[in-house]
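Asker: The structure under discussion is supplied below as structure tokens; questions concerning it will follow.
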Amino acid sequence: MSSVTAPKRRPSKLFPPGYGDIKLITSDDIVFSFPRYLLSHCSSVFMDMLALGESDQENPEVTVTEDSTTMDAVLRFLDPEKDILPLNPHSAPKILEAAHKYQLPRIMKWWAQEVTAGPELENPMQCLALAELYGIRGVAKLALRALVIAPVAELEINLSFLGKSFSELIKLRAERIAKLHEVANELAMTIVHSLLASTFNIPEQKKSAPEVSMLARAGSIVSKRFSQSASGRQEDKALKEHLYLQGSLTNLTQWTTNLMASISVEPSWKAILREICLLEAYSLDKHLSRTTVRQLANRVAKLENV
């Protein structure tokens with residue numbers, strides 16, 4: 001009968017035999033030699049583990065559930081002579097899990113500083129999941145703010161986490177989408193006002209006027225012009241005005257539909273601005289002033305900074 005041979009253990013290159021008086025054996029059979037006093041000083045969990053029956057050994061061995069990549073990263077934090085590895089979103093969950101397990105708050109603090117160091121969070125969904133799991137409120141708050149306006153694809157990351165923060169995120173996104181849809185409607189009405197004013201030389205109404213009444217007014221003006229036309233030339237002019245307005249309103253309807261859809265996918269000023277840049281393709285750009293765009297940008301910025 002063939003016997004099953006035990007996996008052959010291999011020493012860590014960074015923490016080789018003789019580097020310390022305790023051996024940590026990982027799940028993939030890599031042996032890390034580490035100073036016992038340093039391990040006990042940094043982690044009360046390791047101190048208790050070593051005190052329970054292994055303190056009398058000269059070179060105690062402790063089997064850990066972490067793999068060698070995770071343990072290597074963790075021990076680098078504990079040893080002042082070693083360099084800490086750059087933040088890696090693929091290994092971060094396991095490193096934080098080990099930090100929580102062995103009560104190493106320094107690693108938690110380092111992670112929070114690293115993910116918030118840039119102008120915006122990278123991997124905000126992962127940040128939210130880890131921040132909620134380990135109670136890091138500052139990161140959770142920033143992640144929520146980023147995800148409220150993020151493209152919906154960033155919310156579809158496969159994470160084994162459905163906590164209170166995720167429920168709060170869904171609620172906040174729904175509220176933000178509703179508010180930006182209001183902004184989109186007002187934007188469309190601003191263009192309608194400009195269309196009416198430029199086509200029929202009529203004064204613009206207040207922007208609070210309902211969309212239905214404005215379109216009805218446009219239709220009634222065209223009908224009135226047809227009925228009052230006394231010559232074929234006037235009828236031709238009225239017909240041209242009618243066709244121009246009808247085509248413009250059709251384009252505006254399509255543009256507004258696209259704008260609403262973009263906001264639903266990414267409720268942010270970036271999404272709105274992308275659609276505004278497409279107004280020229282619909283021959284509507286002249287009906288939206290730069291001043292109006294700046295005012296909208298400031299208004300949305302206030303929402304995004306809440």
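Labels used: A, B, ... for chains in the order of the structure tokens, numbers from 1 for residues in each chain, and numbers from 1 for ligands as shown.
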I'd like to know which residues of region 20-77 of chain A are strand (DSSP E or B) (by DSSP, run on the backbone); could you write them as an MDAnalysis selection string?
Answerer: chainID A and resid 22:25 30:34 61:63
Asker: Those residues with N, CA and C atoms, as a PDB file, in the first residue's frame please?
Answerer:
ATOM      1  N   ILE A  22      10.478  31.495  17.178  1.00  0.00           N
ATOM      2  CA  ILE A  22       9.170  30.860  17.057  1.00  0.00           C
ATOM      3  C   ILE A  22       8.881  30.617  15.580  1.00  0.00           C
ATOM      4  N   LYS A  23       8.227  29.507  15.312  1.00  0.00           N
ATOM      5  CA  LYS A  23       7.896  29.154  13.935  1.00  0.00           C
ATOM      6  C   LYS A  23       6.389  29.245  13.721  1.00  0.00           C
ATOM      7  N   LEU A  24       6.020  29.988  12.708  1.00  0.00           N
ATOM      8  CA  LEU A  24       4.615  30.091  12.305  1.00  0.00           C
ATOM      9  C   LEU A  24       4.449  29.301  11.011  1.00  0.00           C
ATOM     10  N   ILE A  25       3.592  28.301  11.037  1.00  0.00           N
ATOM     11  CA  ILE A  25       3.403  27.425   9.880  1.00  0.00           C
ATOM     12  C   ILE A  25       2.069  27.762   9.226  1.00  0.00           C
ATOM     13  N   ILE A  30       4.375  26.999   4.565  1.00  0.00           N
ATOM     14  CA  ILE A  30       5.552  27.857   4.598  1.00  0.00           C
ATOM     15  C   ILE A  30       5.835  28.179   6.061  1.00  0.00           C
ATOM     16  N   VAL A  31       7.097  28.075   6.454  1.00  0.00           N
ATOM     17  CA  VAL A  31       7.490  28.282   7.849  1.00  0.00           C
ATOM     18  C   VAL A  31       8.142  29.655   8.000  1.00  0.00           C
ATOM     19  N   PHE A  32       7.554  30.466   8.851  1.00  0.00           N
ATOM     20  CA  PHE A  32       8.080  31.794   9.148  1.00  0.00           C
ATOM     21  C   PHE A  32       8.734  31.758  10.529  1.00  0.00           C
ATOM     22  N   SER A  33       9.992  32.109  10.593  1.00  0.00           N
ATOM     23  CA  SER A  33      10.682  32.227  11.880  1.00  0.00           C
ATOM     24  C   SER A  33      10.624  33.685  12.316  1.00  0.00           C
ATOM     25  N   PHE A  34      10.165  33.900  13.547  1.00  0.00           N
ATOM     26  CA  PHE A  34       9.927  35.278  13.983  1.00  0.00           C
ATOM     27  C   PHE A  34      10.266  35.406  15.466  1.00  0.00           C
ATOM     28  N   GLU A  61       6.246  25.927  17.818  1.00  0.00           N
ATOM     29  CA  GLU A  61       5.617  26.025  16.503  1.00  0.00           C
ATOM     30  C   GLU A  61       4.141  26.346  16.686  1.00  0.00           C
ATOM     31  N   VAL A  62       3.656  27.256  15.871  1.00  0.00           N
ATOM     32  CA  VAL A  62       2.240  27.621  15.892  1.00  0.00           C
ATOM     33  C   VAL A  62       1.707  27.488  14.473  1.00  0.00           C
ATOM     34  N   THR A  63       0.691  26.677  14.314  1.00  0.00           N
ATOM     35  CA  THR A  63       0.052  26.525  13.006  1.00  0.00           C
ATOM     36  C   THR A  63      -1.066  27.549  12.875  1.00  0.00           C
TER      37      THR A  63
END
Asker: Taking into account only C-alpha atoms, which residue in the set A:Leu142, A:Met71, A:Val64, A:Ile263 is nearest to Ser27 (chain A)?
Answerer: A:Val64
Asker: For Ala140 (chain A), work out the shell of residues within 12 Å, counting only C-alpha atoms and skipping chain neighbours fewer than 2 positions away, then give it as a ChimeraX atom specification.
Answerer: /A:112,115-116,121,124-138,142-147,163-166,168-169
Asker: Store the residues picked out above, limited to C-alpha atoms, as an mmCIF file, in the first residue's frame.
Answerer:
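File again.cif, as written:
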data_model
loop_
_atom_site.group_PDB
_atom_site.id
_atom_site.type_symbol
_atom_site.label_atom_id
_atom_site.label_comp_id
_atom_site.auth_asym_id
_atom_site.auth_seq_id
_atom_site.Cartn_x
_atom_site.Cartn_y
_atom_site.Cartn_z
ATOM 1 C CA ALA A 112 -7.713 53.323 6.392
ATOM 2 C CA VAL A 115 -7.419 53.949 0.903
ATOM 3 C CA THR A 116 -8.227 57.568 1.793
ATOM 4 C CA LEU A 121 -11.420 56.090 -3.164
ATOM 5 C CA PRO A 124 -15.160 51.942 -2.984
ATOM 6 C CA MET A 125 -17.435 48.894 -2.825
ATOM 7 C CA GLN A 126 -14.705 46.812 -1.232
ATOM 8 C CA CYS A 127 -13.865 49.710 1.071
ATOM 9 C CA LEU A 128 -17.479 49.905 2.214
ATOM 10 C CA ALA A 129 -17.643 46.160 2.839
ATOM 11 C CA LEU A 130 -14.418 46.038 4.842
ATOM 12 C CA ALA A 131 -15.116 49.270 6.708
ATOM 13 C CA GLU A 132 -18.512 48.024 7.846
ATOM 14 C CA LEU A 133 -17.162 44.592 8.743
ATOM 15 C CA TYR A 134 -14.446 46.022 10.983
ATOM 16 C CA GLY A 135 -16.164 49.189 12.196
ATOM 17 C CA ILE A 136 -13.977 51.754 10.405
ATOM 18 C CA ARG A 137 -16.557 54.535 10.216
ATOM 19 C CA GLY A 138 -14.480 57.189 8.463
ATOM 20 C CA LEU A 142 -16.342 58.199 2.307
ATOM 21 C CA ALA A 143 -17.205 54.973 0.505
ATOM 22 C CA LEU A 144 -20.923 55.703 0.766
ATOM 23 C CA ARG A 145 -20.388 59.186 -0.648
ATOM 24 C CA ALA A 146 -18.403 57.777 -3.575
ATOM 25 C CA LEU A 147 -20.833 54.951 -4.323
ATOM 26 C CA GLY A 163 -25.039 44.873 5.750
ATOM 27 C CA LYS A 164 -26.672 48.043 6.969
ATOM 28 C CA SER A 165 -24.296 50.209 4.963
ATOM 29 C CA PHE A 166 -25.330 48.521 1.728
ATOM 30 C CA GLU A 168 -28.178 52.729 3.300
ATOM 31 C CA LEU A 169 -26.319 52.991 0.001
#
Asker: In Å, with one decimal, what is the gap from CA of Ser262 (chain A) to CA of Ala153 (chain A)?
Answerer: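 Pair CA of Ser262 (chain A) / CA of Ala153 (chain A) returns 12.5 Å.
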Asker: DSSP says helix (DSSP H, G or I) for which residues of region 3-52 of chain A? Put them as a ChimeraX atom specification?
Answerer: /A:36-42,44-51
Asker: Take the residues from that selection and write them out as a compact mmCIF listing (two decimals), in the first residue's frame, keeping N, CA and C atoms.
Answerer:
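Result went into selection_32.txt, see below:
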# COMPACT_ATOMS: atom_id res chain seq x y z
N ARG A 36 9.95 35.83 19.17
CA ARG A 36 8.81 35.58 20.04
C ARG A 36 8.41 36.82 20.82
N TYR A 37 9.41 37.53 21.35
CA TYR A 37 9.10 38.71 22.17
C TYR A 37 8.37 39.77 21.35
N LEU A 38 8.76 39.92 20.07
CA LEU A 38 8.15 40.92 19.21
C LEU A 38 6.72 40.53 18.87
N LEU A 39 6.51 39.26 18.60
CA LEU A 39 5.17 38.77 18.28
C LEU A 39 4.23 38.94 19.46
N SER A 40 4.71 38.60 20.66
CA SER A 40 3.89 38.73 21.87
C SER A 40 3.62 40.19 22.21
N HIS A 41 4.60 41.04 21.95
CA HIS A 41 4.44 42.46 22.25
C HIS A 41 3.40 43.12 21.34
N CYS A 42 3.38 42.71 20.09
CA CYS A 42 2.47 43.34 19.12
C CYS A 42 1.06 42.78 19.18
N SER A 44 -1.69 40.56 21.54
CA SER A 44 -2.08 39.86 22.77
C SER A 44 -2.62 38.47 22.46
N VAL A 45 -3.16 38.30 21.27
CA VAL A 45 -3.68 36.99 20.88
C VAL A 45 -2.54 35.99 20.75
N PHE A 46 -1.47 36.39 20.07
CA PHE A 46 -0.31 35.51 19.97
C PHE A 46 0.32 35.28 21.33
N MET A 47 0.33 36.29 22.16
CA MET A 47 0.90 36.13 23.50
C MET A 47 0.14 35.07 24.28
N ASP A 48 -1.19 35.09 24.19
CA ASP A 48 -2.00 34.08 24.87
C ASP A 48 -1.79 32.70 24.26
N MET A 49 -1.69 32.64 22.92
CA MET A 49 -1.48 31.36 22.26
C MET A 49 -0.17 30.72 22.71
N LEU A 50 0.86 31.52 22.85
CA LEU A 50 2.17 31.00 23.25
C LEU A 50 2.20 30.63 24.72
N ALA A 51 1.36 31.27 25.50
CA ALA A 51 1.32 30.99 26.94
C ALA A 51 0.57 29.71 27.25
Asker: Within 8 Å of Ser248 (chain A), counting only C-alpha atoms, which residues qualify if same-chain residues fewer than 6 places away don't, as a PyMOL selection string?
Answerer: chain A and resi 195+282-284
Asker: Just the number, please: distance in Å from CA of Asp72 (chain A) to CA of Pro16 (chain A), one decimal.
Answerer: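 Interatomic distance, CA of Asp72 (chain A) to CA of Pro16 (chain A): 11.6 Å.
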Asker: Which residues, written as a list in words, have at least one atom at most 12 Å from His90 (chain A), with only C-alpha atoms counted and residues fewer than 4 positions away on the same chain left out?
Answerer: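 Counting only C-alpha atoms, the residues come to Thr69, Thr70, Pro86, Lys94, Ile95, Leu96, Asn123, Gln126 and Cys127 of chain A.
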Asker: Could those residues be written to a file, using C-alpha atoms, as a PDB file, in the first residue's frame?
Answerer:
ATOM      1  CA  THR A  69       1.129  35.668   1.320  1.00  0.00           C
ATOM      2  CA  THR A  70      -1.112  36.979   4.083  1.00  0.00           C
ATOM      3  CA  PRO A  86       1.933  48.496  -1.057  1.00  0.00           C
ATOM      4  CA  LYS A  94      -7.306  38.594   4.054  1.00  0.00           C
ATOM      5  CA  ILE A  95      -4.819  40.958   5.676  1.00  0.00           C
ATOM      6  CA  LEU A  96      -7.566  42.837   7.516  1.00  0.00           C
ATOM      7  CA  ASN A 123     -12.531  50.086  -5.056  1.00  0.00           C
ATOM      8  CA  GLN A 126     -14.705  46.812  -1.232  1.00  0.00           C
ATOM      9  CA  CYS A 127     -13.865  49.710   1.071  1.00  0.00           C
TER      10      CYS A 127
END
Asker: May I have the residues within 10 Å of Arg274 (chain A) as a PDB file with N, CA and C atoms, in the first residue's frame, using only C-alpha atoms and disregarding those fewer than 4 positions away in the same chain?
Answerer:
ATOM      1  N   LEU A 259     -30.733  61.349 -20.989  1.00  0.00           N
ATOM      2  CA  LEU A 259     -30.201  61.968 -19.774  1.00  0.00           C
ATOM      3  C   LEU A 259     -30.726  61.264 -18.530  1.00  0.00           C
ATOM      4  N   SER A 262     -29.014  57.932 -18.159  1.00  0.00           N
ATOM      5  CA  SER A 262     -27.628  58.077 -17.705  1.00  0.00           C
ATOM      6  C   SER A 262     -27.564  58.362 -16.213  1.00  0.00           C
ATOM      7  N   TRP A 269     -22.746  64.472 -11.533  1.00  0.00           N
ATOM      8  CA  TRP A 269     -22.605  65.588 -12.459  1.00  0.00           C
ATOM      9  C   TRP A 269     -21.862  65.153 -13.722  1.00  0.00           C
ATOM     10  N   LYS A 270     -20.923  64.225 -13.594  1.00  0.00           N
ATOM     11  CA  LYS A 270     -20.200  63.727 -14.765  1.00  0.00           C
ATOM     12  C   LYS A 270     -21.163  63.176 -15.813  1.00  0.00           C
ATOM     13  N   LEU A 278     -23.582  66.479 -25.612  1.00  0.00           N
ATOM     14  CA  LEU A 278     -24.203  65.888 -26.804  1.00  0.00           C
ATOM     15  C   LEU A 278     -25.340  66.744 -27.360  1.00  0.00           C
ATOM     16  N   LEU A 279     -25.642  67.864 -26.718  1.00  0.00           N
ATOM     17  CA  LEU A 279     -26.743  68.714 -27.191  1.00  0.00           C
ATOM     18  C   LEU A 279     -26.515  69.212 -28.614  1.00  0.00           C
TER      19      LEU A 279
END
Asker: Record the distance separating CA of Met189 (chain A) and CA of Lys240 (chain A), expressed in Å with one decimal.
Answerer: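 CA of Met189 (chain A) sits 22.1 Å away from CA of Lys240 (chain A).
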Asker: Give the answer as one residue: which of A:Ser194, A:Asn251, A:Asn185, A:Ser91 has the shortest atom-to-atom distance to Lys286 (chain A), using only C-alpha atoms?
Answerer: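 Ranked by minimum distance to Lys286 (chain A), first place goes to A:Ser194.
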